[in-house]
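What follows is a short report on a single structure.
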Amino acid sequence: MSAEKFTKAEIIDAVYEKLDMNRSDIKLALDMTLNSIKDALSDSKTVELRGFGTFEICFRKGRSKARNPRTGEPATALPHGVVKFRPGKEIKQAVWSSVQPDGAETLPDEVAENPV
């Protein structure tokens with residue numbers, strides 16, 4: 001399934017159409033927001049955006065018997081942190097009701113009314 005992309009520039013344009021602000025101010029606010037999220041995650045903090053979702057750091061243990069997926073050569077994977085995103089209830093419901101597999105017509109009524 002190939003998803004269409006929504007870029008940072010498109011986010012700026014979408015906000016510009018709704019607010020009476022210039023694009024450079026919107027870009028600055030968006031950049032500052034994203035940098036604040038990156039800084040918090042770099043400090044091993046969880047970032048919770050109510051109604052949107054939660055970004056958190058999970059740690060993966062290292063492995064001595066890993067493989068490079070491109071070449072298949074043996075490699076060593078050191079312990080490292082990864083960012084994990086858990087969507088909030090509102091996003092889950094919006095995506096559940098709007099995204100359908102290719103070729104699917106509509107969701108059955110009982111599923112559309114009661115998403116998991």
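Order determines the names: the first chain of the structure tokens is A, the second B, and so forth; residues in each chain are numbered 1 upward, and ligands are numbered 1 upward as they are shown.
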Name all residues at most 6 Å from region 53-67 of chain A (count only C-alpha atoms; drop same-chain ones fewer than 5 positions away) and give them as a list in words.
Thr46, Val47, Glu48, Gly72, Glu73, Pro74, Ala75, Thr76, Ala77, Leu78, Pro79, His80, Gly81, Val82, Val83, Lys84, Phe85, Arg86, Pro87 and Gly88 of chain A
Enumerate, as JSON, numbers by chain, the complete set of residues in chain A that a backbone-based DSSP assignment places in alpha helix (DSSP H).
{"A": [8, 9, 10, 11, 12, 13, 14, 15, 16, 17, 18, 23, 24, 25, 26, 27, 28, 29, 30, 31, 32, 33, 34, 35, 36, 37, 38, 39, 40, 41, 42, 89, 90, 91, 92, 93, 94, 95, 96, 97, 98, 109, 110, 111, 112, 113]}
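Taking only C-alpha atoms into account, Ala9 (chain A) lies nearest to A:Leu30 out of the set A:Met21, A:Leu49, A:Ala94, A:Leu30.
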Can you list every residue in region 15-102 of chain A that DSSP puts in strand (DSSP E), as a list in words?
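Residues of region 15-102 of chain A classed as strand (DSSP E): Val47, Glu48, Leu49, Gly53, Thr54, Phe55, Glu56, Ile57, Cys58, Phe59, Arg60, Arg63, Ser64, Lys65, Ala66, Arg67, Pro74, Ala75, Thr76, Ala77, His80, Gly81, Val82, Val83, Lys84, Phe85, Arg86 and Pro87 of chain A.
The gap separating CA of Thr33 (chain A) from CA of Ala14 (chain A) is 16.4 Å, in Å to one decimal.
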Contacts of Ile12 (chain A) within 7 Å, only C-alpha atoms, excl. fewer than 2 positions in-chain, as a ChimeraX atom specification
/A:8-10,14-16,23,26-27
Between CA of Phe52 (chain A) and CA of Ala40 (chain A), what is the spacing in Å?
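Between CA of Ala40 (chain A) and CA of Phe52 (chain A) the gap works out to 16.9 Å.
The smallest atom-to-atom distance between Gln93 (chain A) and any of A:Gly51, A:Asn35, A:Lys18, A:Thr7, using only C-alpha atoms, is found for A:Gly51.
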